[in-house]
file coords-v6.txt (compact mmCIF, C-alpha atoms)
# COMPACT_ATOMS: atom_id res chain seq x y z
CA MET A 29 -57.36 15.79 -24.31
CA ASN A 30 -54.62 17.72 -26.11
CA GLU A 31 -53.73 19.34 -22.79
CA ASN A 32 -53.28 15.90 -21.16
CA ALA A 33 -51.14 14.71 -24.09
CA ASP A 34 -48.93 17.77 -23.83
CA ARG A 35 -48.54 17.22 -20.10
CA ARG A 36 -47.56 13.57 -20.65
CA ASN A 37 -44.98 14.63 -23.27
CA ILE A 38 -43.45 17.18 -20.91
CA LEU A 39 -43.28 14.64 -18.07
CA CYS A 40 -41.68 12.06 -20.39
CA ARG A 41 -39.03 14.56 -21.55
CA LEU A 42 -38.27 15.55 -17.95
CA ALA A 43 -37.94 11.92 -16.89
CA PHE A 44 -35.66 11.21 -19.85
CA SER A 45 -33.50 14.25 -19.06
CA ARG A 46 -33.20 13.20 -15.42
CA ARG A 47 -32.12 9.70 -16.45
CA ILE A 48 -29.43 11.16 -18.74
CA LEU A 49 -28.17 13.54 -16.05
CA TYR A 50 -28.13 10.78 -13.46
CA LYS A 51 -26.20 8.46 -15.74
CA LYS A 52 -23.70 11.16 -16.69
CA ASN A 53 -23.12 12.79 -13.34
CA HIS A 54 -23.88 10.22 -10.66
CA ASN A 55 -23.68 6.71 -11.97
CA MET A 56 -20.93 6.52 -14.60
CA ALA A 57 -20.48 2.84 -13.87
CA THR A 58 -17.80 2.42 -16.50
CA VAL A 59 -15.66 4.11 -19.13
CA ARG A 60 -15.48 2.83 -22.68
CA ALA A 61 -11.94 1.66 -23.50
CA LYS A 62 -10.60 3.46 -26.55
CA LYS A 63 -8.33 1.54 -28.87
CA ASN A 64 -6.61 4.65 -30.22
CA LEU A 65 -5.51 5.53 -26.67
CA GLY A 66 -4.25 2.01 -25.99
CA GLN A 67 -6.59 1.65 -23.00
CA HIS A 68 -6.73 -1.67 -21.14
CA PHE A 69 -8.29 -1.11 -17.73
CA LEU A 70 -6.89 -3.18 -14.86
CA ASN A 71 -9.76 -4.74 -12.90
CA ASP A 72 -7.86 -6.73 -10.26
CA LYS A 73 -7.65 -4.70 -7.05
CA THR A 74 -5.09 -7.01 -5.44
CA ILE A 75 -2.69 -6.34 -8.29
CA ALA A 76 -3.54 -2.62 -8.17
CA GLN A 77 -2.60 -2.46 -4.50
CA ARG A 78 0.60 -4.42 -5.16
CA ILE A 79 1.62 -1.90 -7.83
CA VAL A 80 0.94 1.06 -5.55
CA ASP A 81 2.80 -0.61 -2.67
CA SER A 82 5.81 -1.01 -4.97
CA LEU A 83 6.21 2.76 -5.03
CA GLN A 84 8.75 3.76 -2.39
CA ALA A 85 8.25 7.53 -2.82
CA ASN A 86 11.30 8.38 -0.74
CA ASN A 87 11.95 12.09 -0.31
CA VAL A 88 9.02 13.16 -2.52
CA SER A 89 5.83 14.87 -1.44
CA LYS A 90 3.99 14.49 -4.76
CA VAL A 91 3.19 11.55 -7.03
CA LEU A 92 1.86 11.87 -10.58
CA GLU A 93 -0.29 9.04 -11.94
CA ILE A 94 -0.28 8.77 -15.73
CA GLY A 95 -3.50 7.54 -17.33
CA PRO A 96 -5.59 6.67 -14.26
CA GLY A 97 -8.61 5.60 -16.36
CA MET A 98 -11.26 4.55 -13.84
CA GLY A 99 -8.96 4.96 -10.86
CA VAL A 100 -8.05 1.42 -9.90
CA LEU A 101 -4.59 2.60 -8.80
CA THR A 102 -5.87 6.01 -7.72
CA GLU A 103 -8.01 4.42 -5.01
CA TYR A 104 -4.92 3.05 -3.24
CA LEU A 105 -2.72 6.06 -3.95
CA LEU A 106 -5.21 8.30 -2.16
CA LYS A 107 -4.90 6.12 0.95
CA LYS A 108 -1.23 7.00 1.22
CA SER A 109 -0.66 9.92 3.58
CA SER A 110 3.06 10.40 2.88
CA PHE A 111 2.49 12.13 -0.46
CA GLU A 112 -0.11 14.06 -2.44
CA THR A 113 -1.51 12.36 -5.56
CA TYR A 114 -1.96 14.12 -8.90
CA ALA A 115 -3.32 12.51 -12.06
CA VAL A 116 -2.91 13.32 -15.74
CA GLU A 117 -5.49 11.87 -18.14
CA ILE A 118 -5.92 12.53 -21.87
CA ASP A 119 -9.35 10.83 -22.10
CA ARG A 120 -12.16 13.29 -21.34
CA GLU A 121 -14.58 10.51 -20.41
CA SER A 122 -12.12 9.17 -17.83
CA VAL A 123 -11.65 12.68 -16.43
CA ASP A 124 -15.43 12.98 -15.95
CA TYR A 125 -15.50 9.57 -14.26
CA LEU A 126 -12.68 10.49 -11.89
CA ASN A 127 -14.35 13.78 -10.98
CA VAL A 128 -17.50 11.87 -9.98
CA HIS A 129 -15.90 8.95 -8.16
CA PHE A 130 -12.87 10.68 -6.60
CA PRO A 131 -14.09 14.17 -5.64
CA GLU A 132 -11.15 14.57 -3.23
CA LEU A 133 -8.84 14.44 -6.27
CA LYS A 134 -10.84 16.93 -8.33
CA GLU A 135 -8.45 19.90 -8.08
CA ARG A 136 -5.48 17.67 -8.91
CA ILE A 137 -6.80 15.98 -12.07
CA ILE A 138 -5.01 17.36 -15.12
CA SER A 139 -6.81 16.87 -18.42
CA ALA A 140 -3.83 16.76 -20.78
CA ASP A 141 -1.40 14.67 -22.80
CA PHE A 142 1.53 13.74 -20.53
CA LEU A 143 3.94 13.69 -23.48
CA HIS A 144 3.29 17.39 -24.14
CA MET A 145 3.25 18.62 -20.56
CA ARG A 146 5.78 21.09 -19.14
CA LEU A 147 6.66 19.11 -16.04
CA ASP A 148 9.00 21.79 -14.71
CA GLN A 149 6.04 24.19 -14.63
CA LEU A 150 3.72 21.69 -12.94
CA PHE A 151 6.14 20.75 -10.14
CA THR A 152 9.02 22.80 -8.80
CA GLU A 153 10.32 19.95 -6.64
CA PRO A 154 11.10 16.24 -7.20
CA PHE A 155 8.11 13.95 -7.74
CA ALA A 156 7.53 10.27 -8.49
CA ILE A 157 5.51 8.77 -11.35
CA ILE A 158 3.24 5.72 -11.38
CA GLY A 159 0.80 4.27 -13.86
CA ASN A 160 -0.63 1.55 -16.03
CA PHE A 161 1.05 2.95 -19.12
CA PRO A 162 -0.62 2.62 -22.54
CA TYR A 163 1.41 0.14 -24.59
CA ASN A 164 1.64 2.49 -27.56
CA ILE A 165 3.43 5.29 -25.68
CA SER A 166 5.31 3.50 -22.87
CA SER A 167 8.74 4.02 -24.47
CA GLN A 168 7.96 7.70 -25.11
CA ILE A 169 7.03 8.10 -21.45
CA PHE A 170 10.48 6.85 -20.40
CA PHE A 171 12.25 9.08 -22.91
CA LYS A 172 10.41 12.03 -21.33
CA VAL A 173 11.37 10.81 -17.85
CA LEU A 174 15.01 10.84 -18.99
CA GLU A 175 14.66 14.47 -20.06
CA HIS A 176 13.51 15.31 -16.51
CA ARG A 177 15.69 12.82 -14.66
CA ASP A 178 16.84 15.34 -12.06
CA GLN A 179 13.21 15.98 -11.14
CA ILE A 180 11.95 12.37 -11.22
CA PRO A 181 13.76 10.04 -8.77
CA GLU A 182 11.37 7.08 -9.17
CA VAL A 183 8.90 5.55 -11.60
CA VAL A 184 6.72 2.48 -11.08
CA GLY A 185 5.02 1.47 -14.29
CA MET A 186 3.07 -1.39 -15.81
CA LEU A 187 3.72 -1.87 -19.50
CA GLN A 188 4.00 -4.57 -22.14
CA LYS A 189 6.06 -7.43 -20.65
CA GLU A 190 8.48 -7.52 -23.57
CA VAL A 191 9.25 -3.80 -23.19
CA ALA A 192 9.53 -4.05 -19.40
CA GLU A 193 12.05 -6.90 -19.75
CA ARG A 194 13.99 -4.94 -22.37
CA LEU A 195 14.37 -1.97 -20.03
CA ALA A 196 15.45 -4.10 -17.08
CA THR A 197 17.83 -6.49 -18.86
CA GLY A 198 21.58 -6.02 -19.01
CA PRO A 199 24.27 -6.70 -21.64
CA GLY A 200 24.30 -10.17 -23.19
CA SER A 201 20.57 -10.38 -23.86
CA LYS A 202 18.85 -10.03 -27.22
CA ALA A 203 16.25 -7.86 -25.46
CA TYR A 204 18.93 -5.31 -24.51
CA GLY A 205 18.56 -2.19 -26.64
CA ILE A 206 18.68 1.59 -27.02
CA LEU A 207 16.34 2.54 -24.18
CA SER A 208 17.96 -0.11 -21.91
CA VAL A 209 21.32 1.66 -22.18
CA LEU A 210 19.98 5.23 -22.00
CA LEU A 211 17.83 4.51 -18.93
CA GLN A 212 20.44 2.39 -17.14
CA ALA A 213 22.91 5.25 -17.47
CA PHE A 214 20.87 7.21 -14.93
CA TYR A 215 18.50 4.74 -13.22
CA ASN A 216 18.59 1.40 -11.44
CA ILE A 217 15.87 -0.79 -12.97
CA GLU A 218 14.03 -3.70 -11.34
CA TYR A 219 11.57 -6.05 -13.01
CA LEU A 220 9.05 -6.65 -10.21
CA PHE A 221 6.36 -9.04 -11.47
CA THR A 222 4.30 -10.23 -14.43
CA VAL A 223 0.57 -9.55 -14.90
CA ASN A 224 -1.62 -11.88 -16.97
CA GLU A 225 -3.93 -10.73 -19.75
CA ASP A 226 -7.20 -11.83 -18.09
CA VAL A 227 -7.16 -9.12 -15.39
CA PHE A 228 -7.75 -6.31 -17.91
CA SER A 229 -10.80 -5.02 -19.72
CA PRO A 230 -10.50 -5.42 -22.63
CA PRO A 231 -7.73 -8.04 -22.26
CA PRO A 232 -4.58 -7.24 -24.24
CA LYS A 233 -3.02 -9.86 -26.49
CA VAL A 234 0.18 -10.05 -24.43
CA LYS A 235 1.23 -10.15 -20.77
CA SER A 236 2.25 -7.04 -18.86
CA GLY A 237 5.23 -6.43 -16.62
CA VAL A 238 5.69 -4.06 -13.68
CA ILE A 239 9.04 -2.33 -13.25
CA ARG A 240 10.50 0.17 -10.82
CA ILE A 241 13.24 2.57 -11.82
CA THR A 242 15.10 4.62 -9.21
CA ARG A 243 17.60 7.36 -9.85
CA ASN A 244 21.24 6.34 -9.41
CA GLN A 245 24.14 8.56 -8.37
CA THR A 246 25.20 9.54 -11.91
CA GLU A 247 24.76 13.26 -12.46
CA HIS A 248 26.74 13.54 -15.69
CA LEU A 249 28.18 10.99 -18.12
CA ASN A 250 31.94 10.79 -18.60
CA CYS A 251 31.49 11.85 -22.21
CA ASP A 252 29.45 14.16 -24.41
CA GLU A 253 25.83 13.15 -23.73
CA LYS A 254 24.49 14.13 -27.14
CA LEU A 255 27.20 12.09 -28.88
CA PHE A 256 26.56 9.21 -26.44
CA LYS A 257 22.92 9.03 -27.55
CA SER A 258 23.94 9.09 -31.21
CA VAL A 259 26.48 6.30 -30.67
CA VAL A 260 23.97 4.10 -28.83
CA LYS A 261 21.24 4.63 -31.43
CA MET A 262 23.52 4.05 -34.41
CA ALA A 263 25.01 0.91 -32.84
CA PHE A 264 21.67 -0.74 -32.09
CA ASN A 265 20.16 0.23 -35.42
CA GLN A 266 22.67 -2.26 -36.85
CA ARG A 267 22.87 -4.53 -33.84
CA ARG A 268 24.15 -7.61 -35.69
CA LYS A 269 27.27 -5.76 -36.81
CA THR A 270 30.37 -5.11 -34.75
CA MET A 271 30.78 -1.62 -33.38
CA ARG A 272 33.56 -1.05 -35.92
CA ASN A 273 31.12 -1.59 -38.78
CA SER A 274 28.01 0.02 -37.31
CA LEU A 275 29.91 3.15 -36.26
CA GLY A 276 32.12 3.28 -39.34
CA SER A 277 30.90 6.72 -40.41
CA MET A 278 31.90 8.13 -37.00
CA ILE A 279 35.43 6.67 -36.91
CA HIS A 280 37.98 8.63 -38.98
CA ASN A 281 41.18 7.43 -37.35
CA ASP A 282 42.75 4.12 -38.52
CA GLU A 283 44.46 3.60 -35.17
CA LEU A 284 41.12 4.02 -33.39
CA LYS A 285 39.48 1.55 -35.77
CA ALA A 286 42.00 -1.08 -34.69
CA ASN A 287 41.02 -0.78 -31.01
CA PRO A 288 39.73 -4.22 -29.84
CA ILE A 289 36.69 -2.64 -28.14
CA PHE A 290 35.19 -2.13 -31.60
CA ASP A 291 35.19 -5.92 -32.14
CA LYS A 292 32.14 -6.14 -29.86
CA ARG A 293 28.49 -5.99 -30.81
CA PRO A 294 26.24 -3.47 -29.04
CA GLU A 295 24.37 -6.02 -26.91
CA GLN A 296 27.72 -7.04 -25.38
CA MET A 297 28.45 -3.56 -24.06
CA GLY A 298 27.44 -1.92 -20.80
CA VAL A 299 26.93 1.78 -20.12
CA ALA A 300 30.59 2.32 -19.13
CA GLU A 301 31.83 0.80 -22.40
CA PHE A 302 29.49 2.98 -24.44
CA GLU A 303 30.84 5.98 -22.52
CA MET A 304 34.39 4.90 -23.35
CA ILE A 305 33.65 4.51 -27.07
CA THR A 306 31.90 7.89 -27.10
CA ARG A 307 34.97 9.52 -25.53
CA LEU A 308 37.30 7.83 -28.02
CA ILE A 309 35.20 8.99 -30.96
CA GLY A 310 34.88 12.49 -29.56
CA GLU A 311 38.63 12.84 -28.92
CA GLN A 312 39.89 11.46 -32.24
CA GLU A 313 41.87 13.83 -34.44
call {"tool": "encode", "arguments": {"input": "coords-v6.txt", "output": "structure tokens"}}
result
Amino acid sequence: MNENADRRNILCRLAFSRRILYKKNHNMATVRAKKNLGQHFLNDKTIAQRIVDSLQANNVSKVLEIGPGMGVLTEYLLKKSSFETYAVEIDRESVDYLNVHFPELKERIISADFLHMRLDQLFTEPFAIIGNFPYNISSQIFFKVLEHRDQIPEVVGMLQKEVAERLATGPGSKAYGILSVLLQAFYNIEYLFTVNEDVFSPPPKVKSGVIRITRNQTEHLNCDEKLFKSVVKMAFNQRRKTMRNSLGSMIHNDELKANPIFDKRPEQMGVAEFEMITRLIGEQE
């Protein structure tokens, strides 16, 4: 009797172990969205295909997807024969899911934090970027793109609608800000379309927007780039003030202070005008 009970226990444990292994390695029907990673999984395949089709990928042989999650964009990227798809994912559960469901991608899934990656070591040639970017790091992603602008000719990204509009808008808008100017100095930016909240799991509290940025012809600014960044940041940190007041600590010359260009507020100024002010400040005696 004890022998039969032991046998039943062993069989039960084996069955349980098989169910666990099956669930982990073969089924993996879903990935739990993690709030701390800002995960909102897109579940509309029509929109996914539209995002992927927005990527022009001219003159690149590699595309890096940031935060693929459960691969809703990955599925359509892998159908493109003109480039090779790579994916970077910080979430270990998502990496496991991708390895199971997209075995053809297995050697090109990078388990890492994009913000801390050495992109120049990963790719030695230009590459494009695409992704459903987590809301909480979307701006940081674009700052990193700027650092590698000579290596990244194109980005197609879905992000919070308000941020997407801010990046794409020009002077004269209240949405126009620091990252608008810095990105527009080196990229052409297009707002492509809006995505509603109900096509995500879990649904975010706000709408999303899809943008495409493509590298323009500017190789170097007509001013000191480090000073340019400081001027832009200082101006928008006090955006209600005129440039004369917001940049007061940078202007030491009374004649320069009287220049009419300093009567403007930062949201009234394009990239060329910020370059001009930066040159004037840099050249003052």
call {"tool": "residues_around", "arguments": {"input": "coords-v6.txt", "residues": "segment 250-263 of chain A", "least_positions_apart": "2", "cutoff": "12 Å", "atoms": "only C-alpha atoms", "output": "ChimeraX atom specification"}}
result
/A:171,174-175,204-211,213-214,246-248,265-279,290,292-311
call {"tool": "atom_distance", "arguments": {"input": "coords-v6.txt", "atom1": "atom CA of His68 of chain A", "atom2": "atom CA of Leu150 of chain A"}}
result
26.9 Å
call {"tool": "atom_distance", "arguments": {"input": "coords-v6.txt", "atom1": "atom CA of Leu92 of chain A", "atom2": "atom CA of Glu190 of chain A"}}
result
24.3 Å
call {"tool": "residues_near_point", "arguments": {"input": "coords-v6.txt", "point": "(-17.4, 17.3, -11.4)", "cutoff": "12 Å", "atoms": "all atoms listed in the file", "output": "PyMOL selection string"}}
result
chain A and resi 52-54+56+120-135+137
call {"tool": "atom_distance", "arguments": {"input": "coords-v6.txt", "atom1": "atom CA of Tyr114 of chain A", "atom2": "atom CA of Ile94 of chain A"}}
result
8.8 Å
call {"tool": "closest_atom_pairs", "arguments": {"input": "coords-v6.txt", "of": "segment 78-153 of chain A", "to": "segment 222-231 of chain A", "cutoff": "12 Å", "atoms": "all atoms listed in the file", "output": "JSON lines"}}
result
{"residue": "A:Arg78", "atom": "CA", "partner": "A:Val223", "partner_atom": "CA", "distance": 11.0}
{"residue": "A:Ile79", "atom": "CA", "partner": "A:Val223", "partner_atom": "CA", "distance": 10.5}
{"residue": "A:Gly97", "atom": "CA", "partner": "A:Ser229", "partner_atom": "CA", "distance": 11.4}
{"residue": "A:Met98", "atom": "CA", "partner": "A:Ser229", "partner_atom": "CA", "distance": 11.2}
{"residue": "A:Val100", "atom": "CA", "partner": "A:Phe228", "partner_atom": "CA", "distance": 11.1}
call {"tool": "residues_around", "arguments": {"input": "coords-v6.txt", "residues": "Gln168 of chain A", "least_positions_apart": "6", "cutoff": "12 Å", "atoms": "only C-alpha atoms", "output": "PyMOL selection string"}}
result
chain A and resi 141-144+161-162+174-175+187+191+207
call {"tool": "residues_near_point", "arguments": {"input": "coords-v6.txt", "point": "(0.8, 1.0, -31.8)", "cutoff": "12 Å", "atoms": "all atoms listed in the file", "output": "list in words"}}
result
Lys63, Asn64, Leu65, Gly66, Gln67, Pro162, Tyr163, Asn164, Ile165, Ser166, Ser167, Gln168 and Gln188 of chain A
call {"tool": "residues_around", "arguments": {"input": "coords-v6.txt", "residues": "Glu93 of chain A", "least_positions_apart": "2", "cutoff": "8 Å", "atoms": "all atoms listed in the file", "output": "ChimeraX atom specification"}}
result
/A:91,95-96,102,113-116,157-159
call {"tool": "axis_aligned_box", "arguments": {"input": "coords-v6.txt", "around": "segment 252-261 of chain A", "padding_each_side": "5 Å", "output": "AutoDock Vina command-line options"}}
result
--center_x 25.3 --center_y 9.1 --center_z -27.6 --size_x 18.2 --size_y 20.1 --size_z 17.7
call {"tool": "closest_residue", "arguments": {"input": "coords-v6.txt", "among": "A:Gln212, A:Lys62, A:Lys172, A:Phe221", "to": "Ile118 of chain A", "atoms": "only C-alpha atoms"}}
result
A:Lys62
